[in-house]
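Raw contents of run.pdb, PDB, C-alpha atoms and all ligand atoms:
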ATOM      1  CA  MET A   1      11.612   8.146  20.079
ATOM      2  CA  LYS A   2       9.885   5.119  18.634
ATOM      3  CA  ARG A   3       9.837   5.266  14.857
ATOM      4  CA  LYS A   4       7.212   3.666  12.686
ATOM      5  CA  GLN A   5       8.388   0.202  11.559
ATOM      6  CA  ILE A   6       7.258  -0.473   7.997
ATOM      7  CA  VAL A   7       7.465  -3.524   5.754
ATOM      8  CA  ALA A   8       6.347  -2.704   2.216
ATOM      9  CA  GLY A   9       6.022  -5.097  -0.703
ATOM     10  CA  ASN A  10       6.850  -3.764  -4.145
ATOM     11  CA  TRP A  11       5.179  -6.163  -6.554
ATOM     12  CA  LYS A  12       6.781  -4.440  -9.574
ATOM     13  CA  MET A  13       5.216  -5.636 -12.872
ATOM     14  CA  HIS A  14       3.949  -8.943 -11.494
ATOM     15  CA  MET A  15       0.525 -10.404 -10.712
ATOM     16  CA  ASP A  16      -2.482 -10.293 -13.018
ATOM     17  CA  TYR A  17      -5.850  -9.342 -11.589
ATOM     18  CA  GLU A  18      -6.814 -12.709 -10.107
ATOM     19  CA  ALA A  19      -3.313 -13.538  -8.862
ATOM     20  CA  GLY A  20      -3.127 -10.150  -7.126
ATOM     21  CA  ARG A  21      -6.468 -10.651  -5.390
ATOM     22  CA  ALA A  22      -5.369 -14.086  -4.223
ATOM     23  CA  LEU A  23      -2.037 -12.769  -2.930
ATOM     24  CA  VAL A  24      -3.561  -9.983  -0.882
ATOM     25  CA  LYS A  25      -6.141 -12.357   0.601
ATOM     26  CA  ALA A  26      -3.393 -14.830   1.525
ATOM     27  CA  ILE A  27      -1.479 -11.989   3.215
ATOM     28  CA  ILE A  28      -4.560 -10.953   5.207
ATOM     29  CA  ASP A  29      -5.149 -14.570   6.311
ATOM     30  CA  ARG A  30      -1.666 -14.747   7.802
ATOM     31  CA  LEU A  31      -1.278 -11.197   9.119
ATOM     32  CA  GLN A  32      -1.259 -10.793  12.889
ATOM     33  CA  PRO A  33      -2.223  -7.474  14.499
ATOM     34  CA  SER A  34       0.925  -5.535  15.463
ATOM     35  CA  ASP A  35       2.434  -2.048  15.466
ATOM     36  CA  THR A  36       4.284  -2.743  12.211
ATOM     37  CA  VAL A  37       2.781  -0.975   9.220
ATOM     38  CA  VAL A  38       2.483  -3.530   6.421
ATOM     39  CA  VAL A  39       2.136  -2.154   2.894
ATOM     40  CA  VAL A  40       1.300  -3.851  -0.408
ATOM     41  CA  GLY A  41       2.429  -2.113  -3.597
ATOM     42  CA  PRO A  42       0.647  -3.691  -6.587
ATOM     43  CA  PRO A  43       0.456  -2.422 -10.185
ATOM     44  CA  TYR A  44      -2.168   0.277 -10.837
ATOM     45  CA  ILE A  45      -4.859  -2.111 -12.096
ATOM     46  CA  HIS A  46      -5.217  -3.609  -8.611
ATOM     47  CA  LEU A  47      -5.427  -0.456  -6.543
ATOM     48  CA  LYS A  48      -9.161   0.185  -6.310
ATOM     49  CA  ASN A  49      -9.998  -3.466  -5.762
ATOM     50  CA  ILE A  50      -7.319  -4.028  -3.122
ATOM     51  CA  SER A  51      -8.251  -0.827  -1.284
ATOM     52  CA  GLY A  52     -11.710  -2.394  -0.833
ATOM     53  CA  ILE A  53     -10.299  -5.753   0.296
ATOM     54  CA  ILE A  54      -7.986  -4.230   2.938
ATOM     55  CA  LYS A  55     -10.146  -1.409   4.229
ATOM     56  CA  ASP A  56     -10.977  -3.073   7.562
ATOM     57  CA  VAL A  57      -7.466  -4.437   8.181
ATOM     58  CA  THR A  58      -5.917  -1.794  10.403
ATOM     59  CA  ASN A  59      -2.188  -2.409   9.921
ATOM     60  CA  LEU A  60      -2.348  -3.089   6.160
ATOM     61  CA  LYS A  61      -1.880  -0.141   3.796
ATOM     62  CA  LEU A  62      -1.776   0.377   0.048
ATOM     63  CA  ALA A  63       1.036   1.780  -2.110
ATOM     64  CA  ALA A  64       1.278   2.683  -5.781
ATOM     65  CA  GLN A  65       4.614   2.257  -7.568
ATOM     66  CA  ASN A  66       4.801   5.590  -9.379
ATOM     67  CA  CYS A  67       2.731   8.596 -10.405
ATOM     68  CA  HIS A  68       2.950  11.555 -12.774
ATOM     69  CA  GLN A  69       4.048  14.935 -11.472
ATOM     70  CA  GLU A  70       1.079  16.836 -12.949
ATOM     71  CA  ASN A  71      -2.432  16.494 -11.545
ATOM     72  CA  SER A  72      -4.096  16.006 -14.946
ATOM     73  CA  GLY A  73      -3.512  16.664 -18.631
ATOM     74  CA  ALA A  74      -2.673  15.161 -22.000
ATOM     75  CA  TYR A  75      -0.112  12.588 -20.799
ATOM     76  CA  THR A  76      -1.235   9.358 -22.448
ATOM     77  CA  GLY A  77      -0.622   6.303 -20.316
ATOM     78  CA  GLU A  78       0.124   8.179 -17.119
ATOM     79  CA  VAL A  79      -1.624   8.221 -13.731
ATOM     80  CA  SER A  80      -1.744  11.253 -11.433
ATOM     81  CA  ALA A  81      -1.561  11.673  -7.661
ATOM     82  CA  PRO A  82      -5.224  12.795  -7.335
ATOM     83  CA  MET A  83      -6.251   9.638  -9.235
ATOM     84  CA  LEU A  84      -4.294   7.495  -6.764
ATOM     85  CA  LYS A  85      -5.860   9.376  -3.882
ATOM     86  CA  SER A  86      -9.300   8.599  -5.289
ATOM     87  CA  CYS A  87      -8.421   4.870  -4.997
ATOM     88  CA  GLU A  88      -7.538   5.311  -1.291
ATOM     89  CA  VAL A  89      -3.814   4.874  -1.850
ATOM     90  CA  ASP A  90      -1.728   5.650   1.272
ATOM     91  CA  TYR A  91       1.870   5.505  -0.003
ATOM     92  CA  VAL A  92       3.540   6.071  -3.386
ATOM     93  CA  ILE A  93       6.944   4.515  -4.172
ATOM     94  CA  LEU A  94       9.006   7.142  -6.024
ATOM     95  CA  GLY A  95      12.498   7.204  -7.455
ATOM     96  CA  HIS A  96      12.923   3.445  -7.581
ATOM     97  CA  SER A  97      16.191   2.526  -9.303
ATOM     98  CA  GLU A  98      14.207   0.767 -12.051
ATOM     99  CA  ARG A  99      12.391   4.058 -12.783
ATOM    100  CA  ARG A 100      15.740   5.875 -12.792
ATOM    101  CA  GLU A 101      17.369   3.279 -15.048
ATOM    102  CA  PHE A 102      14.625   2.357 -17.546
ATOM    103  CA  PHE A 103      12.562   5.548 -17.568
ATOM    104  CA  ASP A 104      15.332   8.113 -17.145
ATOM    105  CA  GLU A 105      13.923   9.624 -13.984
ATOM    106  CA  ALA A 106      16.209  12.203 -12.399
ATOM    107  CA  ASP A 107      15.992  13.636  -8.893
ATOM    108  CA  SER A 108      14.648  16.956 -10.202
ATOM    109  CA  LEU A 109      11.642  15.095 -11.666
ATOM    110  CA  ILE A 110      11.254  12.853  -8.622
ATOM    111  CA  ALA A 111      11.174  15.985  -6.425
ATOM    112  CA  ARG A 112       8.119  17.185  -8.381
ATOM    113  CA  LYS A 113       6.418  13.815  -8.000
ATOM    114  CA  ILE A 114       7.071  13.970  -4.254
ATOM    115  CA  ASP A 115       5.364  17.369  -4.142
ATOM    116  CA  ALA A 116       2.369  16.014  -6.087
ATOM    117  CA  VAL A 117       1.978  13.056  -3.718
ATOM    118  CA  LEU A 118       2.339  15.159  -0.555
ATOM    119  CA  ALA A 119      -0.203  17.661  -1.873
ATOM    120  CA  GLN A 120      -2.776  14.844  -1.897
ATOM    121  CA  GLY A 121      -2.030  13.856   1.705
ATOM    122  CA  MET A 122      -0.326  10.601   0.671
ATOM    123  CA  LYS A 123       3.157   9.513   1.777
ATOM    124  CA  PRO A 124       6.038   9.127  -0.679
ATOM    125  CA  ILE A 125       8.437   6.215  -0.183
ATOM    126  CA  TYR A 126      11.528   7.831  -1.683
ATOM    127  CA  CYS A 127      14.076   5.304  -2.976
ATOM    128  CA  CYS A 128      17.770   6.049  -3.202
ATOM    129  CA  GLY A 129      20.876   3.908  -3.589
ATOM    130  CA  GLU A 130      24.097   3.474  -5.497
ATOM    131  CA  LYS A 131      25.241   1.170  -8.282
ATOM    132  CA  LEU A 132      28.096  -1.266  -7.701
ATOM    133  CA  GLU A 133      30.725   0.827  -9.480
ATOM    134  CA  VAL A 134      29.893   3.800  -7.277
ATOM    135  CA  ARG A 135      30.348   1.732  -4.119
ATOM    136  CA  GLU A 136      33.582   0.264  -5.435
ATOM    137  CA  ALA A 137      34.852   3.779  -6.056
ATOM    138  CA  GLY A 138      33.983   4.701  -2.467
ATOM    139  CA  GLU A 139      31.508   7.342  -3.655
ATOM    140  CA  HIS A 140      28.331   5.749  -2.264
ATOM    141  CA  GLU A 141      27.753   8.095   0.663
ATOM    142  CA  ALA A 142      28.315  11.152  -1.521
ATOM    143  CA  LEU A 143      25.961   9.892  -4.234
ATOM    144  CA  VAL A 144      23.153   8.930  -1.867
ATOM    145  CA  GLY A 145      23.648  12.262  -0.126
ATOM    146  CA  ARG A 146      23.088  14.052  -3.440
ATOM    147  CA  GLN A 147      19.983  11.967  -4.172
ATOM    148  CA  VAL A 148      18.530  12.766  -0.756
ATOM    149  CA  SER A 149      19.283  16.484  -0.910
ATOM    150  CA  GLU A 150      18.099  16.972  -4.492
ATOM    151  CA  ALA A 151      14.798  15.184  -3.988
ATOM    152  CA  LEU A 152      13.941  16.140  -0.406
ATOM    153  CA  PHE A 153      15.693  19.271   0.821
ATOM    154  CA  HIS A 154      13.205  21.672  -0.754
ATOM    155  CA  LEU A 155      10.516  20.348   1.604
ATOM    156  CA  ASP A 156       9.521  22.049   4.843
ATOM    157  CA  LYS A 157       9.483  20.308   8.224
ATOM    158  CA  GLY A 158       5.776  19.541   8.032
ATOM    159  CA  GLN A 159       6.170  17.894   4.639
ATOM    160  CA  ILE A 160       9.298  15.836   5.322
ATOM    161  CA  GLN A 161       7.587  14.163   8.288
ATOM    162  CA  ASN A 162       5.275  12.444   5.802
ATOM    163  CA  VAL A 163       8.146  11.010   3.757
ATOM    164  CA  VAL A 164       9.546   7.503   4.146
ATOM    165  CA  ILE A 165      13.048   6.862   2.754
ATOM    166  CA  ALA A 166      14.101   3.509   1.303
ATOM    167  CA  TYR A 167      17.802   2.797   0.826
ATOM    168  CA  GLU A 168      18.122   0.260  -1.961
ATOM    169  CA  PRO A 169      21.656  -0.386  -3.191
ATOM    170  CA  VAL A 170      21.176  -1.182  -6.886
ATOM    171  CA  TRP A 171      23.675  -4.049  -6.739
ATOM    172  CA  ALA A 172      21.487  -5.811  -4.164
ATOM    173  CA  ILE A 173      18.170  -5.570  -6.032
ATOM    174  CA  GLY A 174      16.978  -8.880  -7.453
ATOM    175  CA  THR A 175      20.518 -10.246  -7.305
ATOM    176  CA  GLY A 176      20.275 -12.375  -4.171
ATOM    177  CA  LYS A 177      23.155 -10.293  -2.827
ATOM    178  CA  THR A 178      22.178  -8.180   0.196
ATOM    179  CA  ALA A 179      24.084  -5.398   1.808
ATOM    180  CA  SER A 180      25.524  -6.693   5.060
ATOM    181  CA  PRO A 181      23.647  -5.466   8.130
ATOM    182  CA  GLU A 182      26.696  -3.272   8.843
ATOM    183  CA  GLN A 183      26.669  -1.740   5.352
ATOM    184  CA  ALA A 184      22.950  -1.035   5.678
ATOM    185  CA  GLN A 185      23.373   0.492   9.141
ATOM    186  CA  GLU A 186      26.253   2.689   7.969
ATOM    187  CA  MET A 187      24.247   4.130   5.078
ATOM    188  CA  HIS A 188      21.045   4.517   7.076
ATOM    189  CA  HIS A 189      22.987   6.374   9.751
ATOM    190  CA  HIS A 190      24.498   8.599   7.072
ATOM    191  CA  ILE A 191      21.067   9.380   5.595
ATOM    192  CA  ARG A 192      19.642  10.129   9.034
ATOM    193  CA  SER A 193      22.575  12.492   9.769
ATOM    194  CA  LEU A 194      21.870  14.418   6.569
ATOM    195  CA  ILE A 195      18.199  14.688   7.534
ATOM    196  CA  ARG A 196      19.295  15.870  10.993
ATOM    197  CA  GLN A 197      21.532  18.617   9.569
ATOM    198  CA  GLN A 198      18.780  19.876   7.301
ATOM    199  CA  PHE A 199      15.623  19.411   9.382
ATOM    200  CA  GLY A 200      16.745  18.949  13.008
ATOM    201  CA  ASP A 201      16.524  16.224  15.639
ATOM    202  CA  THR A 202      12.776  15.692  15.838
ATOM    203  CA  VAL A 203      12.452  15.025  12.115
ATOM    204  CA  ALA A 204      15.614  12.890  11.960
ATOM    205  CA  ASP A 205      14.622  10.766  14.945
ATOM    206  CA  GLY A 206      11.111  10.278  13.585
ATOM    207  CA  ILE A 207      11.687   9.476   9.911
ATOM    208  CA  SER A 208      11.490   5.810   8.899
ATOM    209  CA  ILE A 209      14.359   4.584   6.711
ATOM    210  CA  LEU A 210      13.724   1.197   5.087
ATOM    211  CA  TYR A 211      16.274  -1.152   3.557
ATOM    212  CA  GLY A 212      15.585  -2.838   0.206
ATOM    213  CA  GLY A 213      17.562  -5.327  -1.846
ATOM    214  CA  SER A 214      17.191  -9.126  -1.655
ATOM    215  CA  VAL A 215      15.524  -9.120   1.760
ATOM    216  CA  LYS A 216      14.342 -12.676   2.463
ATOM    217  CA  PRO A 217      12.915 -14.508   5.484
ATOM    218  CA  GLY A 218      16.435 -15.795   6.225
ATOM    219  CA  ASN A 219      18.202 -12.425   6.403
ATOM    220  CA  ALA A 220      15.499  -9.953   7.445
ATOM    221  CA  LYS A 221      15.925 -10.246  11.201
ATOM    222  CA  GLU A 222      19.603  -9.375  11.175
ATOM    223  CA  ILE A 223      19.107  -6.363   8.896
ATOM    224  CA  PHE A 224      16.035  -5.078  10.753
ATOM    225  CA  GLY A 225      17.933  -5.457  14.016
ATOM    226  CA  LYS A 226      20.192  -2.510  13.196
ATOM    227  CA  PRO A 227      19.288   0.694  15.030
ATOM    228  CA  ASP A 228      18.785   2.925  11.981
ATOM    229  CA  VAL A 229      16.912   0.325   9.901
ATOM    230  CA  ASP A 230      13.171   0.807  10.368
ATOM    231  CA  GLY A 231      11.895  -1.963   8.117
ATOM    232  CA  GLY A 232      12.153  -3.013   4.512
ATOM    233  CA  LEU A 233      11.033  -2.549   0.936
ATOM    234  CA  ILE A 234      10.659  -6.051  -0.415
ATOM    235  CA  GLY A 235      10.605  -7.135  -4.069
ATOM    236  CA  GLY A 236      10.698 -10.834  -4.997
ATOM    237  CA  ALA A 237       9.880 -12.139  -1.525
ATOM    238  CA  ALA A 238       6.732  -9.964  -1.396
ATOM    239  CA  LEU A 239       5.132 -12.127  -4.102
ATOM    240  CA  LYS A 240       4.709 -15.122  -1.783
ATOM    241  CA  ALA A 241       2.434 -14.560   1.212
ATOM    242  CA  GLU A 242       4.386 -16.957   3.467
ATOM    243  CA  ASP A 243       7.709 -15.266   2.754
ATOM    244  CA  PHE A 244       6.318 -11.760   3.013
ATOM    245  CA  ILE A 245       4.635 -12.494   6.349
ATOM    246  CA  ALA A 246       7.789 -14.203   7.646
ATOM    247  CA  ILE A 247       9.682 -10.991   6.829
ATOM    248  CA  VAL A 248       6.996  -8.870   8.545
ATOM    249  CA  GLU A 249       7.280 -11.062  11.617
ATOM    250  CA  SER A 250      11.057 -10.717  11.811
ATOM    251  CA  ILE A 251      10.760  -7.036  12.777
TER     252      ILE A 251
HETATM  253  P1  LIG B 301      14.281  -7.580  -4.379
HETATM  254  O1  LIG B 301      13.769  -7.770  -2.955
HETATM  255  O2  LIG B 301      13.630  -8.503  -5.352
HETATM  256  O3  LIG B 301      15.763  -7.556  -4.441
HETATM  257  O4  LIG B 301      13.782  -6.114  -4.822
HETATM  258  C1  LIG B 301      14.006  -5.039  -3.979
HETATM  259  C2  LIG B 301      13.290  -3.856  -4.514
HETATM  260  O5  LIG B 301      13.640  -3.337  -5.572
HETATM  261  C3  LIG B 301      12.130  -3.356  -3.777
HETATM  262  O6  LIG B 301      11.703  -2.128  -4.266
END

Write out the structure in this file as structure tokens.
Amino acid sequence: MKRKQIVAGNWKMHMDYEAGRALVKAIIDRLQPSDTVVVVGPPYIHLKNISGIIKDVTNLKLAAQNCHQENSGAYTGEVSAPMLKSCEVDYVILGHSERREFFDEADSLIARKIDAVLAQGMKPIYCCGEKLEVREAGEHEALVGRQVSEALFHLDKGQIQNVVIAYEPVWAIGTGKTASPEQAQEMHHHIRSLIRQQFGDTVADGISILYGGSVKPGNAKEIFGKPDVDGGLIGGAALKAEDFIAIVESI
């Protein structure tokens, strides 16, 4: 079965209003029509504006980087899933290692955010991945397995089909150090096997698993060439249109 190939840019806390507009326009100028789903993930302030700019570009979609688990309420500074939906957001990045590390997000909380996003008909991009000391201790498959089961195994088959998984080893994020294509393949295969045990073949063969962590134009092709790697979640290289498009084109 042919899985959806996705290249998503996570802009993190970069790009003011004008710089963000310019970046998305530069991406559109260079984007060729293809079957790859290309996603831009800007900070909240850009969402409504960018949804207008990209609305007629068929293979370009919009992601938010987080949301609150409740639909509304007295949570100063937070943004809910229905609010994102009202800005025509398609995907929501959840469980990023920076949210886990700096905002103390645990899988039990991320599971609730996933439910909130799915309830609005949007697609979570669920991030998982181990720190260096966990890999060095040989515990990486067990840890990622726990992350996947705690955040996703309460879903039913209809729901899980709308989830995208992103494997992002923490030691490869923003460090210039990527997982080798073999390391990525091994973990992606492991994640897909867990999904297979829990949800069966159709779900496992259909779910897109992206790799993230220092993906650049020079290494994307080799990583994306692995059978269980269905695209990438791109940080730094998503902030330059030329680099981002070069990565999209290496699928
Ligand atoms: P870098 O591509 O900058 O390593 O970031 C990866 C990432 O965290 C994407 O979510």

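Each residue with an atom within 7 Å of any atom of ligand LIG 301 (chain B) appears in the list, which was built counting only C-alpha atoms and all ligand atoms: A:Asn10, A:His96, A:Glu168, A:Ala172, A:Ile173, A:Gly174, A:Thr175, A:Gly176, A:Gly212, A:Gly213, A:Ser214, A:Val215, A:Leu233, A:Ile234, A:Gly235, A:Gly236, A:Ala237.
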
Can you work out which one of A:Leu132, A:Ile50, A:Ala142, A:Ile160 has the shortest atom-to-atom distance to A:Phe199, counting all atoms listed in the file? A:Ile160

Shell of 10 Å around stretch 188-192 of chain A, all atoms listed in the file, local chain residues under 6 positions omitted, as a list in words: Cys128, Glu141, Ala142, Val144, Gly145, Val148, Ser149, Ile165, Ala166, Tyr167, Glu182, Gln198, Asp201, Val203, Ala204, Asp205, Gly206, Ile207, Ser208, Ile209, Leu210, Tyr211, Lys226, Pro227, Asp228, Val229 and Asp230 of chain A

Using only C-alpha atoms, the residue out of A:Ala184, A:Val163, A:Ala22, A:Ala63 with shortest distance to A:Ala241 is A:Ala22

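Each of A:Val164, A:Val37, A:Ile114, A:Val248 was compared to A:Gln69 using all atoms listed in the file, and A:Ile114 turns out to be the nearest.
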
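Taking atom CA of A:Gly158 and atom CA of A:Gly52 as the two end points, the separation is 29.4 Å.
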